[in-house]
$ cat final36.txt   # compact mmCIF, C-alpha atoms and all ligand atoms
# COMPACT_ATOMS: atom_id res chain seq x y z
CA MET A 1 9.55 50.71 12.38
CA ARG A 2 8.02 53.40 14.50
CA PHE A 3 5.07 53.37 12.14
CA LEU A 4 4.65 49.61 12.40
CA THR A 5 4.63 49.37 16.16
CA GLY A 6 2.46 52.46 16.26
CA GLN A 7 -0.12 50.99 13.96
CA ALA A 8 -0.19 47.54 15.54
CA GLU A 9 -0.32 48.40 19.20
CA ASN A 10 -0.52 52.08 19.91
CA PRO A 11 -1.98 54.37 17.29
CA GLU A 12 0.79 56.91 17.20
CA PRO A 13 -0.16 59.26 20.02
CA GLY A 14 2.60 61.67 19.02
CA ARG A 15 1.57 62.01 15.42
CA ARG A 16 -2.11 62.09 16.30
CA ALA A 17 -1.52 64.94 18.72
CA VAL A 18 0.35 66.84 16.03
CA LEU A 19 -2.42 66.15 13.52
CA THR A 20 -5.09 67.30 15.95
CA ARG A 21 -3.25 70.53 16.52
CA ALA A 22 -2.83 71.01 12.77
CA LEU A 23 -6.53 70.42 12.19
CA GLY A 24 -7.41 72.87 14.92
CA LEU A 25 -5.35 75.52 13.19
CA ALA A 26 -6.83 74.61 9.81
CA ALA A 27 -10.38 74.76 11.19
CA ALA A 28 -9.67 78.17 12.60
CA ALA A 29 -8.57 79.24 9.15
CA GLY A 30 -11.67 77.69 7.54
CA LEU A 31 -9.62 75.00 5.74
CA ALA A 32 -10.46 71.93 7.82
CA THR A 33 -11.74 69.71 5.00
CA ALA A 34 -8.97 70.46 2.56
CA ALA A 35 -6.28 69.95 5.18
CA ALA A 36 -7.70 66.80 6.80
CA THR A 37 -8.51 64.64 3.79
CA PRO A 38 -5.03 64.08 2.28
CA ALA A 39 -3.46 63.42 5.69
CA ALA A 40 -6.12 60.88 6.63
CA GLN A 41 -5.80 59.07 3.32
CA ALA A 42 -2.03 58.93 3.59
CA ALA A 43 -2.31 57.26 7.00
CA VAL A 44 -4.80 54.66 5.76
CA ARG A 45 -2.85 53.85 2.61
CA ALA A 46 0.57 53.41 4.21
CA SER A 47 0.35 49.60 4.09
CA GLN A 48 -1.27 46.96 1.88
CA ALA A 49 -2.74 43.65 3.08
CA ASP A 50 -3.45 40.45 1.08
CA TRP A 51 0.19 39.50 0.68
CA ARG A 52 0.49 35.75 1.28
CA PHE A 53 2.91 32.84 1.52
CA CYS A 54 2.78 30.36 -1.39
CA THR A 55 2.92 26.72 -0.29
CA LYS A 56 4.37 25.64 -3.65
CA CYS A 57 7.27 28.08 -4.25
CA TYR A 58 7.56 29.62 -0.71
CA GLY A 59 7.41 33.09 -2.25
CA LEU A 60 5.37 36.09 -1.08
CA PHE A 61 2.65 37.02 -3.57
CA PHE A 62 -0.34 39.37 -3.77
CA ARG A 63 -3.66 37.59 -3.47
CA GLY A 64 -5.88 40.61 -4.02
CA TYR A 65 -6.83 39.75 -7.61
CA PRO A 66 -9.21 37.04 -8.90
CA SER A 67 -6.25 35.06 -10.31
CA ASP A 68 -3.06 34.20 -8.41
CA GLY A 69 -0.26 35.00 -10.85
CA ALA A 70 2.35 32.54 -12.06
CA CYS A 71 4.08 30.11 -9.69
CA PRO A 72 7.50 28.67 -10.52
CA ALA A 73 6.12 25.31 -9.38
CA GLY A 74 3.37 25.52 -12.04
CA GLY A 75 -0.07 27.15 -12.30
CA GLY A 76 -0.98 30.00 -9.95
CA HIS A 77 0.36 30.49 -6.43
CA ASP A 78 -1.45 28.76 -3.53
CA SER A 79 -1.84 30.78 -0.33
CA ALA A 80 -1.58 29.68 3.29
CA GLY A 81 -0.86 31.20 6.66
CA TYR A 82 -0.75 34.83 7.67
CA ASN A 83 -2.26 37.78 5.86
CA PHE A 84 0.77 40.05 5.56
CA ASN A 85 0.22 43.78 5.70
CA ILE A 86 3.19 45.39 3.99
CA PRO A 87 4.27 49.03 4.54
CA HIS A 88 4.90 51.16 1.47
CA ASP A 89 5.98 54.64 0.44
CA ILE A 90 7.51 55.52 3.79
CA PRO A 91 11.15 56.53 4.34
CA GLU A 92 13.86 53.87 4.30
CA THR A 93 15.70 53.46 7.62
CA PRO A 94 18.68 51.37 8.87
CA THR A 95 16.12 48.61 9.65
CA ALA A 96 13.78 48.98 6.66
CA GLN A 97 14.66 48.58 2.96
CA HIS A 98 12.70 50.11 0.10
CA ASN A 99 12.62 49.13 -3.60
CA TRP A 100 10.51 46.04 -3.09
CA ARG A 101 7.83 45.88 -5.77
CA PHE A 102 4.86 43.92 -7.06
CA CYS A 103 5.48 42.01 -10.31
CA THR A 104 2.61 42.36 -12.78
CA LYS A 105 3.53 39.08 -14.47
CA CYS A 106 3.87 36.61 -11.56
CA TYR A 107 2.22 38.67 -8.71
CA GLY A 108 5.29 38.06 -6.56
CA MET A 109 7.24 40.56 -4.43
CA PHE A 110 10.74 41.19 -5.82
CA PHE A 111 13.68 43.54 -5.26
CA TRP A 112 13.84 46.32 -7.81
CA GLY A 113 17.13 47.85 -6.66
CA TYR A 114 19.44 46.31 -9.28
CA PRO A 115 19.81 47.23 -12.97
CA ASP A 116 18.23 43.92 -14.03
CA ASN A 117 15.10 42.50 -12.43
CA GLY A 118 15.92 38.88 -11.72
CA ARG A 119 14.00 35.97 -13.13
CA CYS A 120 10.21 35.80 -13.39
CA PRO A 121 8.30 32.50 -13.47
CA ALA A 122 6.19 34.04 -16.27
CA GLY A 123 9.34 34.46 -18.41
CA ASN A 124 12.33 36.81 -18.57
CA ALA A 125 12.66 39.39 -15.77
CA HIS A 126 10.07 40.65 -13.27
CA ALA A 127 8.07 43.80 -14.16
CA ALA A 128 7.43 46.37 -11.43
CA ALA A 129 4.21 48.28 -10.79
CA GLY A 130 2.41 49.95 -7.92
CA TYR A 131 3.71 50.81 -4.49
CA ASP A 132 7.30 51.11 -3.33
CA PHE A 133 7.24 48.60 -0.47
CA VAL A 134 9.52 49.18 2.51
CA LEU A 135 10.35 45.96 4.36
CA PRO A 136 11.44 45.95 8.02
CA HIS A 137 14.50 43.80 8.69
CA ASP A 138 16.73 42.61 11.51
CA ILE A 139 14.33 43.63 14.27
CA PRO A 140 12.74 41.31 16.85
CA GLU A 141 9.82 39.17 15.74
CA THR A 142 6.54 39.92 17.56
CA ALA A 143 3.06 38.40 17.79
CA ASN A 144 2.17 40.53 14.75
CA SER A 145 5.20 39.88 12.58
CA GLN A 146 7.21 36.98 11.14
CA ARG A 147 10.95 36.84 10.49
CA ASN A 148 12.88 34.54 8.12
CA TRP A 149 11.75 36.24 4.92
CA ARG A 150 14.76 36.53 2.63
CA PHE A 151 15.99 37.80 -0.72
CA CYS A 152 16.86 35.19 -3.36
CA PRO A 153 19.92 36.29 -5.40
CA LYS A 154 18.88 34.01 -8.27
CA CYS A 155 15.35 35.31 -8.97
CA TYR A 156 15.30 38.51 -6.80
CA GLY A 157 12.10 37.30 -5.16
CA LEU A 158 11.20 37.41 -1.46
CA TYR A 159 10.57 33.99 0.06
CA PHE A 160 10.21 32.23 3.43
CA TYR A 161 13.43 30.67 4.65
CA GLY A 162 11.98 29.03 7.77
CA TYR A 163 11.69 25.47 6.44
CA PRO A 164 14.42 22.88 5.82
CA THR A 165 13.87 23.23 2.05
CA ASN A 166 13.69 26.51 0.13
CA GLY A 167 10.75 26.14 -2.22
CA ARG A 168 10.98 26.51 -5.96
CA CYS A 169 13.00 29.19 -7.76
CA PRO A 170 12.11 30.40 -11.26
CA ALA A 171 15.85 30.34 -12.03
CA GLY A 172 15.94 26.60 -11.27
CA ASN A 173 15.90 24.33 -8.23
CA ALA A 174 15.36 25.97 -4.81
CA HIS A 175 15.79 29.63 -3.85
CA SER A 176 19.18 30.78 -2.51
CA VAL A 177 19.59 33.14 0.42
CA ALA A 178 21.36 36.48 0.86
CA GLY A 179 21.09 39.78 2.68
CA TYR A 180 18.75 40.93 5.40
CA ASP A 181 16.43 38.92 7.61
CA PHE A 182 13.10 40.56 6.79
CA VAL A 183 10.42 40.71 9.46
CA LEU A 184 7.01 41.10 7.85
CA PRO A 185 4.01 42.53 9.74
CA HIS A 186 0.78 40.56 9.48
CA LEU A 187 -2.85 41.04 10.52
ZN ZN B 201 4.13 30.05 -5.82
ZN ZN B 202 7.59 38.17 -11.82
ZN ZN B 203 14.68 32.34 -6.28
$ encode --input "final36.txt" --output "structure tokens"
Amino acid sequence: MRFLTGQAENPEPGRRAVLTRALGLAAAAGLATAAATPAAQAAVRASQADWRFCTKCYGLFFRGYPSDGACPAGGGHDSAGYNFNIPHDIPETPTAQHNWRFCTKCYGMFFWGYPDNGRCPAGNAHAAAGYDFVLPHDIPETANSQRNWRFCPKCYGLYFYGYPTNGRCPAGNAHSVAGYDFVLPHL
């Protein structure tokens, strides 16, 4: 959460000051390049954009590939709305949950924290790959974030719960709701 607000509004003056001091020490030791590069890359790669809402199933899916995965409503997902920028590989906190993953079969975001992996619209369970996403939850919505993203206990997917209906679930009918109220940062 500190990272999110820091990135969106105020570029982490505390951490930057620490980094600057560290670089100063490294430069003095003749190690500036080796010390600076991994830290800079880690900062840049701490979130991934191109996550979008699907107008057909209401799920969150990754739109960064030429194709758009498998939608439980048929065909690929169709994107609309915000470009969500999702944090990953940062520590879990009381208001941020990790174990959210990209599914290589449907391109959706799903919860990987149970022994089974829910239901995938491409058949059987979801298959995890890539980053360990860490989703903020139960914090105030801002101009750069949207609440009402929820876990579906039927398919394990993440979907938008802000409409009167609940989209299309790969386990049948509409998604169900449980757990945290996720608040997703967007560009
Ligand atoms: Zn869809
Ligand atoms: Zn899937
Ligand atoms: Zn579902």
$ residues_near_ligand --input "final36.txt" --ligand "ligand ZN 201 (chain B)" --cutoff "9 Å" --atoms "all atoms listed in the file" --output "list of chain:residue names"
A:Phe53, A:Cys54, A:Thr55, A:Lys56, A:Cys57, A:Tyr58, A:Gly59, A:Leu60, A:Phe61, A:Asp68, A:Gly69, A:Ala70, A:Cys71, A:Pro72, A:Ala73, A:Gly74, A:Gly75, A:Gly76, A:His77, A:Asp78, A:Ser79, A:Cys106, A:Gly108, A:Gly167, A:Arg168
$ residues_around --input "final36.txt" --residues "Gly179 (chain A)" --least-positions-apart "6" --cutoff "9 Å" --atoms "only C-alpha atoms" --output "count of residues only"
4
$ atom_distance --input "final36.txt" --atom1 "CA of Leu187 (chain A)" --atom2 "CA of Asn83 (chain A)"
5.7 Å
$ closest_residue --input "final36.txt" --among "A:Val134, A:Ala46, A:Val183, A:Cys120" --to "ligand ZN 203 (chain B)" --atoms "all atoms listed in the file"
A:Cys120
$ residues_near_ligand --input "final36.txt" --ligand "ligand ZN 203 (chain B)" --cutoff "7 Å" --atoms "all atoms listed in the file" --output "ChimeraX atom specification"
/A:152-157,168-171,174-176
$ write_last_selection --input "final36.txt" --atoms "C-alpha atoms" --output "compact mmCIF listing (two decimals), in the coordinates of the input"
# COMPACT_ATOMS: atom_id res chain seq x y z
CA CYS A 152 16.86 35.19 -3.36
CA PRO A 153 19.92 36.29 -5.40
CA LYS A 154 18.88 34.01 -8.27
CA CYS A 155 15.35 35.31 -8.97
CA TYR A 156 15.30 38.51 -6.80
CA GLY A 157 12.10 37.30 -5.16
CA ARG A 168 10.98 26.51 -5.96
CA CYS A 169 13.00 29.19 -7.76
CA PRO A 170 12.11 30.40 -11.26
CA ALA A 171 15.85 30.34 -12.03
CA ALA A 174 15.36 25.97 -4.81
CA HIS A 175 15.79 29.63 -3.85
CA SER A 176 19.18 30.78 -2.51
$ build_atoms --input "final36.txt" --residues "region 70-87 of chain A" --atoms "N, CA and C atoms" --output "compact mmCIF listing (two decimals), in the coordinates of the input"
# COMPACT_ATOMS: atom_id res chain seq x y z
N ALA A 70 1.63 33.68 -11.49
CA ALA A 70 2.35 32.54 -12.06
C ALA A 70 3.34 32.02 -11.03
N CYS A 71 3.20 30.73 -10.69
CA CYS A 71 4.08 30.11 -9.69
C CYS A 71 5.19 29.33 -10.38
N PRO A 72 6.42 29.44 -9.91
CA PRO A 72 7.50 28.67 -10.52
C PRO A 72 7.30 27.16 -10.40
N ALA A 73 6.41 26.73 -9.50
CA ALA A 73 6.12 25.31 -9.38
C ALA A 73 4.97 24.89 -10.30
N GLY A 74 4.43 25.83 -11.09
CA GLY A 74 3.37 25.52 -12.04
C GLY A 74 2.03 26.10 -11.63
N GLY A 75 1.23 26.56 -12.59
CA GLY A 75 -0.07 27.15 -12.30
C GLY A 75 0.05 28.45 -11.54
N GLY A 76 -1.03 28.80 -10.80
CA GLY A 76 -0.98 30.00 -9.95
C GLY A 76 -0.41 29.67 -8.59
N HIS A 77 -0.10 30.70 -7.81
CA HIS A 77 0.36 30.49 -6.43
C HIS A 77 -0.79 29.95 -5.58
N ASP A 78 -0.46 29.24 -4.50
CA ASP A 78 -1.45 28.76 -3.53
C ASP A 78 -1.13 29.37 -2.17
N SER A 79 -2.11 30.05 -1.58
CA SER A 79 -1.84 30.78 -0.33
C SER A 79 -2.09 29.93 0.90
N ALA A 80 -1.36 30.27 1.97
CA ALA A 80 -1.58 29.68 3.29
C ALA A 80 -0.99 30.62 4.32
N GLY A 81 -1.46 30.48 5.55
CA GLY A 81 -0.86 31.20 6.66
C GLY A 81 -1.32 32.63 6.80
N TYR A 82 -0.43 33.45 7.29
CA TYR A 82 -0.75 34.83 7.67
C TYR A 82 -1.17 35.69 6.48
N ASN A 83 -1.95 36.71 6.81
CA ASN A 83 -2.26 37.78 5.86
C ASN A 83 -1.28 38.92 6.15
N PHE A 84 -0.26 39.04 5.33
CA PHE A 84 0.77 40.05 5.56
C PHE A 84 0.29 41.42 5.10
N ASN A 85 0.64 42.39 5.90
CA ASN A 85 0.22 43.78 5.70
C ASN A 85 1.50 44.60 5.55
N ILE A 86 1.85 44.91 4.30
CA ILE A 86 3.19 45.39 3.99
C ILE A 86 3.24 46.92 3.86
N PRO A 87 4.14 47.57 4.62
CA PRO A 87 4.27 49.03 4.54
C PRO A 87 4.81 49.46 3.18
